[in-house]
Structures are given as structure tokens and as C-alpha cells.
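Note: the block below is run.txt and it holds compact mmCIF, C-alpha atoms.
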# COMPACT_ATOMS: atom_id res chain seq x y z
CA MET A 16 227.82 33.42 -10.27
CA LYS A 17 231.31 34.82 -10.65
CA PRO A 18 233.08 33.85 -13.91
CA LEU A 19 235.89 31.32 -13.84
CA ARG A 20 239.16 33.19 -14.23
CA THR A 21 242.05 30.91 -13.26
CA ILE A 22 242.93 27.26 -13.82
CA HIS A 23 245.58 24.90 -12.46
CA PHE A 24 246.73 21.62 -14.04
CA LEU A 25 248.27 18.72 -12.13
CA SER A 26 249.53 16.17 -14.66
CA LEU A 27 250.38 12.69 -13.44
CA GLY A 28 251.74 9.66 -15.27
CA CYS A 29 253.40 9.54 -18.67
CA ALA A 30 254.51 12.08 -21.24
CA LYS A 31 251.45 11.37 -23.41
CA ASN A 32 249.27 12.53 -20.52
CA ARG A 33 251.40 15.65 -20.25
CA VAL A 34 250.76 16.49 -23.89
CA ASP A 35 246.99 16.02 -23.41
CA SER A 36 247.18 18.37 -20.41
CA GLU A 37 248.95 20.99 -22.53
CA VAL A 38 246.19 20.70 -25.15
CA MET A 39 243.57 21.28 -22.45
CA ALA A 40 245.57 24.23 -21.13
CA ALA A 41 245.54 25.85 -24.57
CA PHE A 42 241.76 25.47 -24.87
CA ALA A 43 241.35 26.95 -21.39
CA ARG A 44 243.54 29.93 -22.27
CA ALA A 45 241.50 30.47 -25.43
CA ARG A 46 238.47 30.94 -23.17
CA GLY A 47 240.29 33.61 -21.24
CA LEU A 48 241.37 31.60 -18.21
CA LYS A 49 244.76 32.30 -16.73
CA LEU A 50 247.04 29.36 -15.92
CA VAL A 51 248.29 29.48 -12.34
CA ALA A 52 251.12 27.49 -10.79
CA GLU A 53 249.49 26.95 -7.40
CA PRO A 54 246.15 25.18 -6.83
CA GLU A 55 245.13 27.59 -4.09
CA ASP A 56 245.01 30.36 -6.73
CA ALA A 57 242.72 28.42 -9.09
CA ASP A 58 238.99 28.62 -9.73
CA VAL A 59 239.33 25.38 -11.72
CA ILE A 60 241.66 22.47 -10.96
CA VAL A 61 242.29 19.71 -13.49
CA VAL A 62 243.98 16.50 -12.34
CA SER A 63 245.25 14.54 -15.34
CA THR A 64 245.21 11.06 -13.85
CA CYS A 65 247.13 7.88 -14.63
CA GLY A 66 245.35 4.52 -14.50
CA PHE A 67 248.08 2.23 -15.78
CA ILE A 68 248.96 0.33 -12.60
CA GLU A 69 247.78 0.11 -9.00
CA SER A 70 250.31 2.55 -7.56
CA ALA A 71 249.47 5.12 -10.26
CA ARG A 72 245.75 4.80 -9.55
CA GLU A 73 246.38 5.28 -5.85
CA GLU A 74 248.49 8.37 -6.55
CA SER A 75 245.72 9.75 -8.79
CA VAL A 76 242.98 9.22 -6.20
CA ASP A 77 245.16 10.80 -3.50
CA ALA A 78 245.77 13.79 -5.77
CA ILE A 79 242.04 14.23 -6.43
CA LEU A 80 241.32 14.10 -2.70
CA ASP A 81 244.11 16.57 -2.02
CA MET A 82 242.85 18.98 -4.68
CA GLY A 83 239.33 18.50 -3.33
CA ARG A 84 240.40 20.33 -0.19
CA HIS A 85 240.66 23.49 -2.26
CA LYS A 86 236.97 23.11 -3.15
CA ALA A 87 235.93 22.54 0.45
CA GLU A 88 238.17 25.16 2.02
CA GLY A 89 239.54 27.42 -0.68
CA ARG A 90 238.92 29.20 -3.94
CA CYS A 91 238.34 26.27 -6.27
CA ARG A 92 234.81 25.90 -7.67
CA VAL A 93 235.31 23.22 -10.33
CA LEU A 94 237.37 20.04 -9.96
CA VAL A 95 238.00 17.95 -13.09
CA ALA A 96 239.44 14.43 -13.18
CA ALA A 97 240.93 13.85 -16.64
CA GLY A 98 243.23 11.30 -18.24
CA CYS A 99 243.57 7.53 -18.13
CA LEU A 100 241.90 6.77 -14.81
CA ALA A 101 238.92 8.89 -15.84
CA GLN A 102 238.75 6.97 -19.12
CA ARG A 103 239.11 3.57 -17.49
CA SER A 104 237.10 4.03 -14.31
CA GLY A 105 235.21 7.28 -14.74
CA ALA A 106 231.86 5.89 -13.61
CA GLU A 107 233.39 4.63 -10.37
CA LEU A 108 235.18 7.93 -9.79
CA VAL A 109 232.11 10.10 -10.10
CA ALA A 110 230.03 7.66 -8.04
CA GLN A 111 232.51 7.43 -5.18
CA MET A 112 234.05 10.93 -5.19
CA PRO A 113 231.41 13.67 -4.94
CA GLU A 114 234.14 16.32 -5.02
CA ILE A 115 234.63 15.59 -8.74
CA ASP A 116 232.49 17.90 -10.90
CA PHE A 117 233.53 16.43 -14.24
CA ALA A 118 235.42 13.33 -15.44
CA LEU A 119 236.99 13.81 -18.86
CA GLY A 120 238.77 10.82 -20.39
CA THR A 121 241.63 10.42 -22.83
CA SER A 122 239.26 10.42 -25.80
CA HIS A 123 238.29 14.08 -25.63
CA PRO A 124 240.66 16.48 -23.84
CA ASP A 125 239.54 19.06 -26.41
CA ARG A 126 236.12 19.09 -24.72
CA ILE A 127 237.55 20.92 -21.71
CA GLY A 128 235.91 24.04 -23.17
CA ARG A 129 232.46 22.51 -22.72
CA VAL A 130 233.40 21.65 -19.15
CA LEU A 131 234.43 25.25 -18.48
CA ASP A 132 231.21 26.49 -20.04
CA GLY A 133 229.21 24.18 -17.76
CA ALA A 134 227.76 22.47 -20.85
CA ALA A 135 229.36 19.04 -20.43
CA ALA A 136 228.01 15.87 -18.91
CA ARG A 137 229.55 15.01 -15.57
CA LEU A 138 231.13 11.94 -17.18
CA ASP A 139 232.64 12.13 -20.68
CA ALA A 140 234.63 8.90 -20.83
CA GLY A 141 234.27 5.16 -20.99
CA GLY A 142 235.54 2.31 -23.09
CA SER A 143 238.86 2.93 -24.79
CA GLY A 144 240.07 5.87 -26.77
CA HIS A 145 242.67 8.54 -27.31
CA PHE A 146 242.92 12.04 -28.72
CA LEU A 147 245.34 12.65 -31.58
CA GLN A 148 245.99 16.28 -32.28
CA THR A 149 246.65 17.73 -35.72
CA GLY A 150 249.22 20.34 -36.64
CA ARG A 151 246.55 22.98 -35.95
CA THR A 152 245.47 21.74 -32.51
CA PRO A 153 246.31 24.39 -29.90
CA ARG A 154 248.76 23.36 -27.22
CA PHE A 155 250.28 25.40 -24.43
CA VAL A 156 253.99 24.94 -23.87
CA GLU A 157 255.80 27.45 -21.71
CA ARG A 158 257.56 29.94 -23.96
CA GLY A 159 261.29 29.37 -23.87
CA ALA A 160 260.98 25.81 -22.55
CA PRO A 161 264.13 24.05 -23.77
CA SER A 162 262.42 20.70 -24.32
CA ALA A 163 258.97 19.45 -25.31
CA TYR A 164 257.33 16.09 -25.84
CA LEU A 165 255.97 15.50 -29.34
CA LYS A 166 253.25 12.86 -29.48
CA ILE A 167 253.50 11.21 -32.89
CA ALA A 168 250.93 8.46 -32.30
CA ASP A 169 248.64 7.15 -29.58
CA GLY A 170 247.02 3.88 -28.64
CA CYS A 171 248.68 0.49 -28.97
CA SER A 172 247.95 -2.53 -31.15
CA ARG A 173 250.29 -4.88 -29.31
CA ARG A 174 248.86 -7.26 -26.74
CA CYS A 175 251.42 -7.70 -23.99
CA ALA A 176 249.85 -9.91 -21.34
CA PHE A 177 250.36 -7.48 -18.43
CA CYS A 178 249.35 -4.22 -20.08
CA ALA A 179 246.02 -2.40 -19.83
CA ILE A 180 246.94 0.47 -22.15
CA PRO A 181 245.15 -0.92 -25.26
CA ALA A 182 241.99 -1.23 -23.21
CA ILE A 183 242.35 2.39 -22.07
CA ARG A 184 243.64 4.19 -25.16
CA GLY A 185 242.56 1.86 -27.97
CA GLN A 186 244.30 0.79 -31.17
CA ALA A 187 247.42 2.51 -32.45
CA GLU A 188 246.86 5.57 -34.60
CA SER A 189 249.66 7.62 -36.16
CA ARG A 190 249.63 11.27 -37.11
CA SER A 191 250.71 12.31 -40.59
CA ILE A 192 254.28 13.46 -41.09
CA ARG A 193 252.96 16.86 -42.16
CA SER A 194 250.98 17.20 -38.93
CA VAL A 195 253.96 16.30 -36.75
CA VAL A 196 256.35 18.61 -38.62
CA THR A 197 253.85 21.49 -38.43
CA GLU A 198 253.70 21.11 -34.65
CA ALA A 199 257.48 20.77 -34.43
CA ARG A 200 257.90 24.07 -36.28
CA ARG A 201 255.46 25.74 -33.88
CA LEU A 202 257.40 24.42 -30.91
CA ALA A 203 260.69 25.60 -32.42
CA ARG A 204 259.28 29.10 -32.90
CA ALA A 205 258.34 29.07 -29.21
CA GLY A 206 261.99 28.42 -28.30
CA VAL A 207 262.03 24.62 -27.90
CA ARG A 208 265.45 23.14 -28.73
CA GLU A 209 264.77 19.46 -28.01
CA LEU A 210 261.91 17.33 -29.34
CA VAL A 211 261.23 14.13 -27.39
CA LEU A 212 259.19 11.81 -29.61
CA VAL A 213 256.63 9.74 -27.70
CA ALA A 214 253.81 7.29 -28.35
CA GLN A 215 252.68 4.09 -26.68
CA ASP A 216 254.91 2.30 -29.20
CA THR A 217 257.00 4.85 -31.07
CA SER A 218 258.65 2.26 -33.31
CA SER A 219 255.26 1.30 -34.80
CA TYR A 220 254.74 4.82 -36.11
CA GLY A 221 253.16 4.81 -39.57
CA LYS A 222 252.25 1.12 -39.71
CA ASP A 223 248.55 1.95 -39.51
CA ARG A 224 248.77 4.55 -42.28
CA ARG A 225 248.50 4.09 -46.04
CA ASP A 226 250.74 6.96 -47.12
CA GLY A 227 254.07 5.15 -46.63
CA ALA A 228 255.02 7.06 -43.48
CA THR A 229 257.65 5.36 -41.32
CA LEU A 230 259.55 6.39 -38.23
CA VAL A 231 262.68 6.85 -40.35
CA SER A 232 260.91 9.11 -42.86
CA LEU A 233 259.48 11.11 -39.96
CA LEU A 234 262.94 11.53 -38.43
CA GLU A 235 264.29 12.68 -41.78
CA ALA A 236 261.55 15.30 -42.03
CA LEU A 237 262.01 16.51 -38.45
CA ASP A 238 265.78 16.71 -38.91
CA GLY A 239 265.17 19.65 -41.24
CA VAL A 240 263.15 21.76 -38.78
CA PRO A 241 265.11 24.99 -38.14
CA ASP A 242 266.30 25.78 -34.60
CA ILE A 243 265.70 22.26 -33.29
CA ALA A 244 269.01 20.94 -31.96
CA TRP A 245 268.10 17.54 -30.50
CA ILE A 246 265.54 14.89 -31.44
CA ARG A 247 265.14 12.02 -28.97
CA LEU A 248 263.31 8.70 -29.29
CA LEU A 249 261.44 7.08 -26.39
CA TYR A 250 259.41 3.84 -26.14
CA LEU A 251 260.78 1.67 -28.95
CA TYR A 252 259.62 -1.97 -29.12
CA PRO A 253 262.56 -4.44 -29.34
CA THR A 254 261.35 -6.31 -32.44
CA ALA A 255 260.80 -3.06 -34.37
CA VAL A 256 264.29 -1.58 -33.97
CA THR A 257 265.66 -2.18 -37.46
CA ASP A 258 269.15 -1.55 -38.80
CA ARG A 259 267.63 1.18 -40.98
CA LEU A 260 266.36 2.96 -37.89
CA LEU A 261 269.70 2.55 -36.13
CA ARG A 262 271.51 4.03 -39.14
CA ALA A 263 269.09 6.96 -39.18
CA VAL A 264 269.82 7.66 -35.51
CA ARG A 265 273.53 7.53 -36.34
CA ASP A 266 273.45 9.64 -39.51
CA LEU A 267 270.82 12.32 -38.96
CA PRO A 268 272.62 15.29 -37.34
CA ARG A 269 269.88 16.35 -34.95
CA VAL A 270 268.87 12.87 -33.73
CA VAL A 271 270.78 12.18 -30.53
CA PRO A 272 272.44 8.75 -30.07
CA TYR A 273 269.94 7.65 -27.45
CA LEU A 274 267.54 4.70 -27.58
CA ASP A 275 264.84 3.88 -25.05
CA VAL A 276 263.83 0.24 -25.60
CA PRO A 277 261.72 -1.28 -22.79
CA ILE A 278 262.58 -5.01 -22.68
CA GLN A 279 260.43 -5.92 -19.60
CA HIS A 280 262.32 -9.20 -19.05
CA ALA A 281 265.13 -11.36 -20.37
CA SER A 282 264.05 -14.89 -19.44
CA GLY A 283 262.63 -16.94 -22.31
CA PRO A 284 259.73 -18.38 -20.28
CA MET A 285 258.81 -14.95 -18.91
CA LEU A 286 258.94 -13.28 -22.32
CA ARG A 287 256.51 -15.94 -23.55
CA ARG A 288 254.21 -15.43 -20.56
CA MET A 289 254.32 -11.70 -21.18
CA ARG A 290 253.46 -12.28 -24.87
CA ARG A 291 256.35 -10.14 -26.02
CA GLY A 292 256.81 -11.94 -29.33
CA HIS A 293 260.54 -12.64 -29.03
CA GLY A 294 263.14 -14.37 -26.90
CA PRO A 295 266.30 -13.28 -25.08
CA ASP A 296 268.55 -13.90 -28.10
CA LEU A 297 266.83 -11.08 -29.98
CA LEU A 298 267.52 -8.76 -27.05
CA ARG A 299 271.21 -9.67 -27.03
CA ARG A 300 271.48 -9.08 -30.76
CA LEU A 301 269.65 -5.77 -30.40
CA VAL A 302 272.10 -4.47 -27.80
CA GLU A 303 275.05 -5.61 -29.96
CA ARG A 304 273.61 -4.09 -33.14
CA ALA A 305 272.82 -0.78 -31.47
CA ARG A 306 276.35 -0.43 -30.12
CA ASP A 307 277.97 -1.61 -33.35
CA ILE A 308 276.00 0.74 -35.59
CA ILE A 309 275.79 3.82 -33.32
CA PRO A 310 279.14 4.62 -31.66
CA GLY A 311 278.61 5.88 -28.13
CA VAL A 312 274.88 5.15 -28.10
CA VAL A 313 273.14 5.54 -24.75
CA LEU A 314 270.71 2.70 -24.04
CA ARG A 315 267.77 2.98 -21.69
CA THR A 316 265.32 0.21 -20.83
CA THR A 317 262.52 -0.76 -18.47
CA VAL A 318 262.02 -4.10 -16.74
CA LEU A 319 259.08 -5.64 -14.88
CA VAL A 320 259.54 -7.97 -11.90
CA GLY A 321 257.06 -10.16 -10.07
CA HIS A 322 254.94 -11.06 -13.10
CA PRO A 323 252.81 -14.18 -12.49
CA GLY A 324 254.89 -17.30 -12.94
CA GLU A 325 258.26 -15.56 -12.47
CA THR A 326 260.58 -18.04 -10.73
CA GLU A 327 263.87 -17.36 -8.99
CA ARG A 328 265.61 -18.81 -12.03
CA ASP A 329 263.76 -16.40 -14.32
CA PHE A 330 264.72 -13.52 -12.08
CA GLU A 331 268.37 -14.56 -11.95
CA GLU A 332 268.39 -14.67 -15.76
CA LEU A 333 267.08 -11.12 -15.80
CA LEU A 334 269.81 -9.98 -13.40
CA ALA A 335 272.46 -11.73 -15.48
CA PHE A 336 271.23 -10.02 -18.64
CA ILE A 337 271.24 -6.59 -17.00
CA GLU A 338 274.81 -7.23 -15.86
CA GLU A 339 275.76 -8.35 -19.35
CA ALA A 340 274.03 -5.56 -21.28
CA ARG A 341 275.08 -2.79 -18.87
CA PHE A 342 272.34 -0.40 -19.87
CA ASP A 343 273.17 3.24 -19.27
CA ARG A 344 269.70 3.85 -17.82
CA LEU A 345 267.12 1.44 -16.46
CA GLY A 346 263.71 1.82 -14.87
CA ALA A 347 262.14 -1.06 -12.94
CA PHE A 348 258.60 -1.72 -11.79
CA ARG A 349 256.75 -4.31 -9.74
CA TYR A 350 253.96 -6.17 -11.52
CA SER A 351 250.45 -4.84 -10.98
CA ASP A 352 247.56 -7.28 -11.49
CA GLU A 353 245.31 -5.44 -13.95
CA GLU A 354 241.78 -6.66 -14.55
CA GLY A 355 241.05 -7.34 -18.20
CA THR A 356 244.62 -8.30 -19.10
CA PRO A 357 245.65 -11.89 -19.93
CA SER A 358 247.94 -11.98 -16.89
CA PHE A 359 245.13 -11.11 -14.49
CA GLY A 360 244.03 -13.77 -12.01
CA THR A 361 246.11 -16.62 -13.41
CA GLY A 362 246.74 -18.22 -10.02
CA LEU A 363 250.50 -17.87 -10.54
CA ALA A 364 250.97 -14.75 -8.44
CA VAL A 365 254.36 -13.88 -6.99
CA ALA A 366 254.19 -12.84 -3.33
CA ARG A 367 254.32 -9.08 -2.91
CA ALA A 368 257.29 -9.29 -0.53
CA VAL A 369 259.20 -11.41 -3.06
CA ALA A 370 258.42 -8.96 -5.86
CA TYR A 371 259.61 -6.02 -3.77
CA ARG A 372 262.85 -7.86 -2.91
CA ARG A 373 263.47 -8.51 -6.59
CA LEU A 374 262.75 -4.89 -7.43
CA ARG A 375 265.29 -3.70 -4.86
CA LYS A 376 267.93 -6.09 -6.24
CA VAL A 377 267.41 -4.84 -9.80
CA LEU A 378 267.64 -1.21 -8.75
CA ALA A 379 270.76 -1.83 -6.64
CA LEU A 380 272.46 -3.58 -9.55
CA GLN A 381 271.57 -0.82 -11.99
CA ARG A 382 272.74 1.83 -9.55
CA ARG A 383 276.21 0.28 -9.62
CA ILE A 384 276.17 0.02 -13.41
CA SER A 385 274.96 3.59 -13.87
CA ALA A 386 277.61 4.90 -11.48
CA ALA A 387 280.34 3.05 -13.41
CA ASN A 388 279.04 4.31 -16.76
CA ASN A 389 278.99 7.86 -15.42
CA ARG A 390 282.54 7.54 -14.08
CA ALA A 391 283.67 6.75 -17.62
CA LEU A 392 282.54 10.27 -18.59
CA ARG A 393 285.00 12.00 -16.26
CA GLY A 394 287.35 14.26 -18.18
CA LYS A 395 285.24 14.11 -21.34
CA ALA A 396 283.50 17.05 -22.98
CA VAL A 397 279.74 16.88 -23.51
CA GLY A 398 277.12 19.20 -24.94
CA VAL A 399 274.68 20.35 -22.26
CA LEU A 400 271.21 21.79 -22.92
CA VAL A 401 270.75 24.44 -20.23
CA GLU A 402 267.37 24.23 -18.47
CA GLY A 403 267.75 26.98 -15.91
CA ARG A 404 269.30 28.04 -12.64
CA ALA A 405 270.39 25.27 -10.29
CA ASP A 406 268.49 24.87 -7.02
CA ASP A 407 271.62 23.57 -5.34
CA ALA A 408 273.66 26.51 -4.05
CA GLY A 409 276.89 24.76 -5.03
CA TYR A 410 276.16 25.06 -8.75
CA VAL A 411 275.15 27.81 -11.14
CA LEU A 412 273.05 26.13 -13.84
CA VAL A 413 271.37 22.80 -14.44
CA GLY A 414 270.74 21.00 -17.71
CA ARG A 415 271.13 17.68 -19.45
CA HIS A 416 273.62 16.19 -21.84
CA ALA A 417 272.42 14.21 -24.86
CA GLY A 418 272.52 10.97 -22.88
CA GLN A 419 269.98 12.24 -20.34
CA ALA A 420 266.29 12.27 -21.22
CA PRO A 421 264.11 14.78 -19.37
CA GLU A 422 262.69 13.77 -15.98
CA VAL A 423 264.00 10.19 -15.90
CA ASP A 424 267.78 10.17 -16.37
CA GLY A 425 269.34 12.60 -13.93
CA VAL A 426 270.80 16.01 -14.72
CA THR A 427 274.07 17.80 -15.40
CA TYR A 428 275.09 20.59 -13.03
CA LEU A 429 277.28 23.37 -14.38
CA THR A 430 279.68 25.02 -11.96
CA SER A 431 280.03 28.25 -13.91
CA SER A 432 278.60 29.71 -17.09
CA GLY A 433 277.09 32.79 -18.62
CA ALA A 434 274.75 30.65 -20.69
CA ARG A 435 271.03 31.20 -20.85
CA ARG A 436 268.13 28.79 -20.71
CA GLY A 437 267.90 26.90 -23.99
CA ASP A 438 271.59 27.30 -24.89
CA ILE A 439 273.67 24.22 -25.61
CA VAL A 440 277.11 24.64 -24.09
CA ARG A 441 280.22 22.51 -24.21
CA ALA A 442 281.33 21.35 -20.76
CA ARG A 443 283.88 18.96 -19.32
CA VAL A 444 282.73 16.40 -16.77
CA VAL A 445 284.50 16.78 -13.43
CA ARG A 446 282.39 14.77 -10.98
CA THR A 447 279.82 12.02 -11.29
CA GLY A 448 277.28 10.21 -9.13
CA ASP A 449 274.86 7.35 -9.65
CA HIS A 450 272.65 9.50 -11.88
CA ASP A 451 273.73 13.16 -11.92
CA ILE A 452 277.02 14.61 -13.14
CA VAL A 453 278.89 17.90 -12.64
CA ALA A 454 280.70 19.69 -15.47
CA ASP A 455 282.72 22.85 -16.02
CA CYS A 456 281.86 24.95 -19.07
CA GLU A 457 284.70 25.29 -21.54
CA ALA A 458 285.70 28.76 -22.65

Let me see the structure of the file written as C-alpha cells.
Amino acid sequence: MKPLRTIHFLSLGCAKNRVDSEVMAAFARARGLKLVAEPEDADVIVVSTCGFIESAREESVDAILDMGRHKAEGRCRVLVAAGCLAQRSGAELVAQMPEIDFALGTSHPDRIGRVLDGAAARLDAGGSGHFLQTGRTPRFVERGAPSAYLKIADGCSRRCAFCAIPAIRGQAESRSIRSVVTEARRLARAGVRELVLVAQDTSSYGKDRRDGATLVSLLEALDGVPDIAWIRLLYLYPTAVTDRLLRAVRDLPRVVPYLDVPIQHASGPMLRRMRRGHGPDLLRRLVERARDIIPGVVLRTTVLVGHPGETERDFEELLAFIEEARFDRLGAFRYSDEEGTPSFGTGLAVARAVAYRRLRKVLALQRRISAANNRALRGKAVGVLVEGRADDAGYVLVGRHAGQAPEVDGVTYLTSSGARRGDIVRARVVRTGDHDIVADCEA
């Protein structure tokens, strides 16, 4: 049998899944496999699946089937389903999809080596669990990549009524500050300029540890890593955003004034049904405190519509709050009925058509707000992290300013510049859209 020489990764879902995929890629490279960009060039294909909600599961299954074609018709000899769907429903996957050779869950991405050696069981998943790397865990990040996700914790100890993540990834577990800083230094040496801190609940970092680690003390340590220019926080829980954290974001030079705080809803009855542990008044105070303490802060959030029991009045309260808060960025999702969660099968379901209508209304409202917020940037100078050449022939380079997180917030096009990938250039905003902006580099 010919040796396995090439491997392709298709990573779906969240940034935490991406990090796990990069860990697997490093282990594969250590065994001599070459990473290839196209699946048709791969002897091994790994699909890092997402199992969070129905649409993500459907996307994951479709991706596995699509990659399976390369086994039936092409070069591929080993197809691996990894990630959350493999962890949550691995037995079903391997029973129903014969094209899958191995299912490797979130608990053990480091066992990809055993898979490649042919020494693994077909199913290595089940129950809940996550993998938390140390500062020494290998991880492949493209050399010169301007930005990288830094997973500081995994799992979640909160019990929101709609969420299956604790059942998939288990209880929250935080890395040590030393471990995180060691990895940050490695990433900086590889050319990374921006660290995007992620976890299921970033704001709970350190609460499970006994060494006194907190998110603020971690930020203070990371702020001293040479060559890192930006540090960004994603996935903060509303009740855990303290004034001390807000002051750290304001005062630490490398921490960008950007907060991602998923609120999910703004109606009191819905927040109780969702088991969020707070009411709408806390959300209002949070928005006010963030803007009072951090001048020019960019606020991002996520909302969920169509949760069981959501009435038109609840939904109108959500719309009113979005209008009032005027978040700079907002993601919205339709409720997915997830077995094993408290919200599952309550008999209070919102009709799918109603939920989709509400989703469209939220997105239309936020589009107007985002466009207005972007228009306010016209004529102002911003720092832009250059990510590479622009695909659009009308522009030279593409990047992001500090108010744009990677992959979710739009981009900044630069009309002219001699800058290189990874540079941070000063540019003046000349045109804006709903999400993207255009800027001219200053001399």
C-alpha cells in the first residue's frame, strides 16, 4: 500500500474548531504529510465538523458527502470526520456514512497521528469533551499570517437553555497564563500581528483555576509579548464584563477597543426562558458602561430569534433594544431545537416561517445601523492591518481596521499602498458600505 503523503483540512464552524484543526495539521506535518489547499490533491481529507445547530449539522454532512466523492472518484484514501458533530453524533455518522474511515471528536484532535498510522479505532468520540493545548502543543499556522485565534479556554459551565455546547465540549477549563503567553510568543515569531482570544465563554477565563488567573491578568501578560500589535476579545458573557475588564481594554496599549458580547435577547421574559441569568436593565447598563469607560469602543453582539415562547411583544422589545443600543456589529440566528437542552420539546415552538421573518427584520435593521455607523467613519484616519492583495480589481490591498474582527465584520479596501502583508498602515476612510469600507493610505 502506498504511503499517505498529502492531507487537506476543511474546517467548519467556530474559531475553536479552527484551532483544533491547526493542531491536527501540525501533528500530520510531523508525520511527514504535506498540507494541500485542494481536496483533489489529498490522500487524506479531514472535515472538522460543527454540530452546534441544525443548519451547521446539515452543512457538515453535506461537506462529508462532497469530500467522499474524492474517495470514490479521486485520489483520497482516508476520510476523517472530526470536530463537534463527530463528538456529539459520531456513532450515527459512522453507522450511516460508510465513506467515513474515522470519526475523531473534540476530545482528542492530537490522536490524528494514530489515525494516519491506521492504529485508531474507527470511532474515537462520544460523550462530552474538549482538547486544551499547552504552550508546547504543536500547531500549524501559515507563516506570515497577520492574525491568529488563541484559544485560552474550552468547554462551558453555563447552562443557557438553548445551548448544546456544554453537552458537546464539557465543563469550562482554562489554560495557565504561562501556557497562553508561550503560544502567543510562538505565534508572534511566526509573523502574527493580531491575537484573537477565544473560548466558549472568554470572560470566565481563570474562574476554574486556583492560581489567581483572571482575564485581566492574562491581558496584562499578553500585552507585553513583543511584535504583537493587536489583541482582540471575542465571546464575553454580559454578566462577567466588569469595570476592571473595561478599564484594561481601555488602558492596555495592544488591546483594541472592541468587545464582542453576545446578548441573545433583550426581552425580560425571553432572557428568563433562555436562562441567561440577567434582565434587560443589565444589558442597557453594560452598553452605557462600555461606551463611558472606553471612548470609541466598537460593540459586537449576537441575538437569537424564534426561541420557544417568543411572542411578538418579546420580538418587538428586541428590535427596540437593537435600535437603542446601535451595535456596530450584530450577528443573528434562528433558534434550532437541540435535543438534550432545556428548551427542547417544550411545546412552545415558534413557527419556522415566523422565525425566518423575524430574522430578516433583525438583519435589515442592523444593516441600516451598520451602514450609518460606517458613514460616521468617512474622513477619519484608521489603522489597517494589511491581509494581502485585494481580489477586487478596483483596489490594491485588503485588510481590517481595529473595529473589524476577522471573518465576521467586513473588510477595509486600500486604494493604493506599498505596504506588505502584516503591516499596519494609517489610512483615511473615503467610502463606506453596509459592512466594508474603502480607505486611502496616508503618506

Provide an axis-aligned box for all listed atoms of region 209-224 of chain A, padding each side by 4 Å; report its centre and its edge lengths in Å to one decimal, as JSON.
{"center_x": 256.7, "center_y": 10.3, "center_z": -34.5, "size_x": 24.2, "size_y": 26.3, "size_z": 23.6}

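Here CA of Gly170 (chain A) is placed at a distance of 6.0 Å from CA of Gln215 (chain A).
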
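The protein and nucleic acid residues lying at most 8 Å from Cys171 (chain A) are A:Ile180, A:Pro181, A:Arg184, A:Gly185, A:Gln186, A:Ala187, A:Glu188, A:Gln215, A:Asp216, with all atoms listed in the file considered and sequence neighbours fewer than 3 positions away removed.
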
For region 356-368 of chain A, work out the shell of residues within 7 Å, counting only C-alpha atoms and skipping chain neighbours fewer than 3 positions away, then give it as an MDAnalysis selection string. chainID A and resid 176:179 321:325 352:353 371:372

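Using all atoms listed in the file, the shortest contact distance between Lys31 (chain A) and any of A:Arg415, A:His145, A:Arg315, A:Arg349 is found at A:His145.
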
Residues within 6 Å of Arg154 (chain A), only C-alpha atoms, excluding chain neighbours under 3 positions, as JSON, numbers by chain: {"A": [37, 38, 41]}

Polymer residues at most 8 Å from Ala214 (chain A), only C-alpha atoms, same-chain spacing of 4 or more positions, as a ChimeraX atom specification: /A:31,166-170,249-250

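Using all atoms listed in the file for every distance, the candidate list A:Val76, A:Val397, A:Ala340, A:Val196 yields A:Ala340 as the residue closest to Glu303 (chain A).
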
Could you list, as a PyMOL selection string, every residue within 6 Å of Asp438 (chain A), counting only C-alpha atoms and ignoring same-chain residues fewer than 2 positions away? chain A and resi 400-401+435-436

Which value, in Å to one decimal, gives the distance between CA of Leu94 (chain A) and CA of Leu48 (chain A)?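 Computing the Euclidean distance for CA of Leu94 (chain A) and CA of Leu48 (chain A) yields 14.8 Å.
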
Please report the interatomic distance between CA of Lys86 (chain A) and CA of Leu27 (chain A) in Å with one decimal.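 Separating CA of Lys86 (chain A) from CA of Leu27 (chain A) is a distance of 19.9 Å.
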
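Nearest residue to Glu114 (chain A) among A:Asp139, A:Arg84, A:Ala454, A:Ala97 is A:Arg84, counting only C-alpha atoms.
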
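You can rank A:Glu198, A:Glu73, A:Asp455, A:Asp125 by their closest distance to Val156 (chain A) using only C-alpha atoms, and at the top of that list sits A:Glu198.
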
Residue among A:Ile246, A:Val440, A:Ala110, A:Val256 lying closest to Arg269 (chain A), counting only C-alpha atoms: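 For Arg269 (chain A), the nearest of the candidates is A:Ile246.
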
Can you find the residues with an atom no farther than 12 Å from (254.3, 23.5, -27.1), counting all atoms listed in the file, and report them as a VMD selection string? chain A and resid 33 to 41 150 to 166 197 to 211
